[in-house]
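Enquirer: Starting off with a structure, shown below.
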Amino acid sequence: ADDTEANSAGMFFLQFENNIQKTLNFYDFMSFDNIYGSLQGREMAYVKKTPDEDEKQKPEKTLSALFYFYAPAVIEFKNQYVFSVEVYKPFYTSETRMEYDFYGRPIPHTYQVFDGYKFYDLVIASASKNGQLIWNNDFEINSIKTYFLKQQVAVFPDGDFLSMAYVSDGHIYSQTIDGPVDLSKETIPIESQYAKDWLTEDENNTVAHWYDDYFLVYGYQKIKNRSLGDQSTRTVFFANKVAYK
């Protein structure tokens, strides 16, 4: 993905039959009911729409938003197409370096240093077989900052509903929805080996479907435990089998 510019504004639905375009629909994410949770990392752009017929009419100014998107996916569920995509924002910090001229006078040079990607939302929407938008929703992502882009959220059927889950800060965060309706949210701690283990960092966390209702949850953790003496700080790879039923 190109993170130099936010350039995603909506969702297209294209349908072909015998190599002929049958359907073309576009849905601006700003029209989604639950999109405002995604605007904290947005790039906003004002687009002027000028009427063709009435030149005297003042241009209507509409608000559009451009997002950084990653890992778009489509699954078929209950005779619908369910689209999901993760929303992130690259962050930069400013650093200043001092240089000196011939006379010893300081000359500050300020520059930006990449400080990681912050994932903060997942947008999910459903379309009918002919491309009509049925519902939309979102799943807030907290405390995920990484220095490389990778998929963070698993989206999967959960009986008659849909569930979404990700791992961060030693916990599994999940949400179950019935279309636009949020049914439940759950936070499950990931058990460590010793009772006094204290998680200080985690990275490269993944939730992956394994088989049937079972998922693998794995990643790396940096753990402190003063009761272990010489091994008070250790880095571990963890892997858990989780069932969603």
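Chain labels A, B, ... are given in the sequence in which chains occur in the structure tokens; within each chain residues are numbered consecutively from 1, and ligands are likewise numbered from 1 in the order shown.
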Could you name the residues that touch segment 115-132 of chain A at 9 Å or less, counting only C-alpha atoms, but leaving out those on the same chain fewer than 4 positions away, as a ChimeraX atom specification?
Expert: /A:12-15,23-25,29,32,34-35,37-38,40-41,77,79-93,136-149,152-153,179-180
Enquirer: Considering only C-alpha atoms, return as JSON, numbers by chain whatever protein or nucleic-acid residues lie within 12 Å of segment 207-218 of chain A, sequence-local ones (same chain, fewer than 4 positions apart) excluded.
Expert: {"A": [150, 151, 152, 153, 154, 155, 156, 157, 158, 159, 163, 164, 165, 166, 167, 168, 170, 171, 172, 173, 174, 188, 189, 190, 191, 202, 203, 236, 237, 238, 239, 240, 241, 242, 243, 244, 245]}
Enquirer: Selection from above, N, CA and C atoms, as an mmCIF file, in the first residue's frame, can you write it?
Expert:
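After the write, selection_14.cif holds the following:
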```cif
data_model
loop_
_atom_site.group_PDB
_atom_site.id
_atom_site.type_symbol
_atom_site.label_atom_id
_atom_site.label_comp_id
_atom_site.auth_asym_id
_atom_site.auth_seq_id
_atom_site.Cartn_x
_atom_site.Cartn_y
_atom_site.Cartn_z
ATOM 1 N N LYS A 150 0.132 -4.794 8.107
ATOM 2 C CA LYS A 150 -0.347 -6.170 8.085
ATOM 3 C C LYS A 150 -1.797 -6.170 8.553
ATOM 4 N N GLN A 151 -2.515 -7.201 8.142
ATOM 5 C CA GLN A 151 -3.919 -7.309 8.533
ATOM 6 C C GLN A 151 -4.030 -7.508 10.036
ATOM 7 N N GLN A 152 -4.935 -6.769 10.670
ATOM 8 C CA GLN A 152 -5.091 -6.817 12.121
ATOM 9 C C GLN A 152 -6.365 -7.526 12.567
ATOM 10 N N VAL A 153 -7.432 -7.441 11.788
ATOM 11 C CA VAL A 153 -8.754 -7.893 12.232
ATOM 12 C C VAL A 153 -9.207 -9.104 11.428
ATOM 13 N N ALA A 154 -9.751 -10.079 12.120
ATOM 14 C CA ALA A 154 -10.398 -11.220 11.472
ATOM 15 C C ALA A 154 -11.905 -10.980 11.456
ATOM 16 N N VAL A 155 -12.523 -11.143 10.288
ATOM 17 C CA VAL A 155 -13.976 -11.011 10.128
ATOM 18 C C VAL A 155 -14.512 -12.379 9.726
ATOM 19 N N PHE A 156 -15.520 -12.878 10.444
ATOM 20 C CA PHE A 156 -15.956 -14.245 10.180
ATOM 21 C C PHE A 156 -17.422 -14.430 10.567
ATOM 22 N N PRO A 157 -18.131 -15.356 9.882
ATOM 23 C CA PRO A 157 -19.506 -15.684 10.260
ATOM 24 C C PRO A 157 -19.539 -16.318 11.644
ATOM 25 N N ASP A 158 -20.532 -15.946 12.417
ATOM 26 C CA ASP A 158 -20.708 -16.467 13.773
ATOM 27 C C ASP A 158 -22.177 -16.857 13.920
ATOM 28 N N GLY A 159 -22.518 -18.036 13.370
ATOM 29 C CA GLY A 159 -23.918 -18.432 13.326
ATOM 30 C C GLY A 159 -24.676 -17.542 12.355
ATOM 31 N N SER A 163 -18.863 -11.732 13.358
ATOM 32 C CA SER A 163 -17.989 -11.312 14.441
ATOM 33 C C SER A 163 -16.671 -10.810 13.876
ATOM 34 N N MET A 164 -16.032 -9.933 14.638
ATOM 35 C CA MET A 164 -14.738 -9.366 14.269
ATOM 36 C C MET A 164 -13.847 -9.411 15.500
ATOM 37 N N ALA A 165 -12.558 -9.671 15.304
ATOM 38 C CA ALA A 165 -11.668 -9.800 16.458
ATOM 39 C C ALA A 165 -10.256 -9.379 16.084
ATOM 40 N N TYR A 166 -9.556 -8.828 17.067
ATOM 41 C CA TYR A 166 -8.130 -8.509 16.917
ATOM 42 C C TYR A 166 -7.453 -8.655 18.277
ATOM 43 N N VAL A 167 -6.121 -8.643 18.282
ATOM 44 C CA VAL A 167 -5.339 -8.823 19.503
ATOM 45 C C VAL A 167 -4.493 -7.583 19.743
ATOM 46 N N SER A 168 -4.482 -7.109 20.992
ATOM 47 C CA SER A 168 -3.650 -5.964 21.366
ATOM 48 C C SER A 168 -3.514 -5.921 22.880
ATOM 49 N N GLY A 170 -2.195 -7.753 25.072
ATOM 50 C CA GLY A 170 -2.439 -8.972 25.822
ATOM 51 C C GLY A 170 -3.891 -9.374 25.945
ATOM 52 N N HIS A 171 -4.747 -8.846 25.071
ATOM 53 C CA HIS A 171 -6.167 -9.179 25.111
ATOM 54 C C HIS A 171 -6.690 -9.444 23.702
ATOM 55 N N ILE A 172 -7.760 -10.232 23.646
ATOM 56 C CA ILE A 172 -8.507 -10.426 22.408
ATOM 57 C C ILE A 172 -9.756 -9.555 22.498
ATOM 58 N N TYR A 173 -9.891 -8.649 21.544
ATOM 59 C CA TYR A 173 -11.059 -7.769 21.495
ATOM 60 C C TYR A 173 -11.973 -8.241 20.364
ATOM 61 N N SER A 174 -13.241 -8.437 20.666
ATOM 62 C CA SER A 174 -14.168 -8.921 19.642
ATOM 63 C C SER A 174 -15.497 -8.179 19.729
ATOM 64 N N ILE A 188 -11.123 -10.493 26.168
ATOM 65 C CA ILE A 188 -10.643 -11.716 26.807
ATOM 66 C C ILE A 188 -9.137 -11.603 27.012
ATOM 67 N N PRO A 189 -8.643 -11.739 28.248
ATOM 68 C CA PRO A 189 -7.194 -11.688 28.471
ATOM 69 C C PRO A 189 -6.506 -12.939 27.943
ATOM 70 N N ILE A 190 -5.312 -12.764 27.430
ATOM 71 C CA ILE A 190 -4.497 -13.895 26.986
ATOM 72 C C ILE A 190 -3.666 -14.362 28.173
ATOM 73 N N GLU A 191 -3.859 -15.585 28.577
ATOM 74 C CA GLU A 191 -3.167 -16.101 29.752
ATOM 75 C C GLU A 191 -1.681 -16.288 29.458
ATOM 76 N N ASP A 202 3.881 -5.852 23.110
ATOM 77 C CA ASP A 202 3.535 -6.959 22.223
ATOM 78 C C ASP A 202 3.551 -6.457 20.792
ATOM 79 N N GLU A 203 3.780 -7.371 19.859
ATOM 80 C CA GLU A 203 3.859 -6.979 18.460
ATOM 81 C C GLU A 203 3.559 -8.167 17.566
ATOM 82 N N VAL A 236 8.663 -13.715 24.471
ATOM 83 C CA VAL A 236 8.096 -15.021 24.160
ATOM 84 C C VAL A 236 7.240 -14.930 22.907
ATOM 85 N N PHE A 237 7.182 -16.053 22.212
ATOM 86 C CA PHE A 237 6.202 -16.231 21.138
ATOM 87 C C PHE A 237 5.044 -17.017 21.724
ATOM 88 N N PHE A 238 3.838 -16.482 21.623
ATOM 89 C CA PHE A 238 2.678 -17.168 22.182
ATOM 90 C C PHE A 238 1.749 -17.616 21.057
ATOM 91 N N ALA A 239 1.049 -18.711 21.298
ATOM 92 C CA ALA A 239 0.053 -19.216 20.351
ATOM 93 C C ALA A 239 -1.071 -19.864 21.146
ATOM 94 N N ASN A 240 -2.278 -19.407 20.915
ATOM 95 C CA ASN A 240 -3.456 -19.939 21.606
ATOM 96 C C ASN A 240 -4.495 -20.404 20.600
ATOM 97 N N LYS A 241 -5.188 -21.457 20.961
ATOM 98 C CA LYS A 241 -6.320 -21.935 20.178
ATOM 99 C C LYS A 241 -7.592 -21.385 20.808
ATOM 100 N N VAL A 242 -8.399 -20.686 20.009
ATOM 101 C CA VAL A 242 -9.598 -20.029 20.521
ATOM 102 C C VAL A 242 -10.808 -20.527 19.744
ATOM 103 N N ALA A 243 -11.888 -20.814 20.453
ATOM 104 C CA ALA A 243 -13.131 -21.253 19.815
ATOM 105 C C ALA A 243 -14.169 -20.153 19.908
ATOM 106 N N TYR A 244 -14.820 -19.858 18.772
ATOM 107 C CA TYR A 244 -15.948 -18.924 18.741
ATOM 108 C C TYR A 244 -17.205 -19.729 18.446
ATOM 109 N N LYS A 245 -18.070 -19.834 19.438
ATOM 110 C CA LYS A 245 -19.294 -20.620 19.273
ATOM 111 C C LYS A 245 -20.468 -19.861 19.861
#
```
Enquirer: Run DSSP on the backbone and grab whatever in segment 34-226 of chain A lands in strand (DSSP E or B); send it over as a VMD selection string.
Expert: chain A and resid 43 to 49 60 to 77 80 to 100 106 to 127 133 to 146 154 to 158 161 to 168 171 to 178 181 to 189 198 to 211 214 to 224
Enquirer: My list of candidates is A:Thr176, A:Thr96, A:Ser8, A:Ser31. Which is closest to Phe67 of chain A when distances are computed with only C-alpha atoms?
Expert: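 Once distances to Phe67 of chain A are computed over only C-alpha atoms, the minimum belongs to A:Ser8.
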Enquirer: Pick from A:Tyr27, A:Tyr103, A:Tyr70, A:Phe161: nearest to Leu183 of chain A, with only C-alpha atoms counted?
Expert: A:Phe161
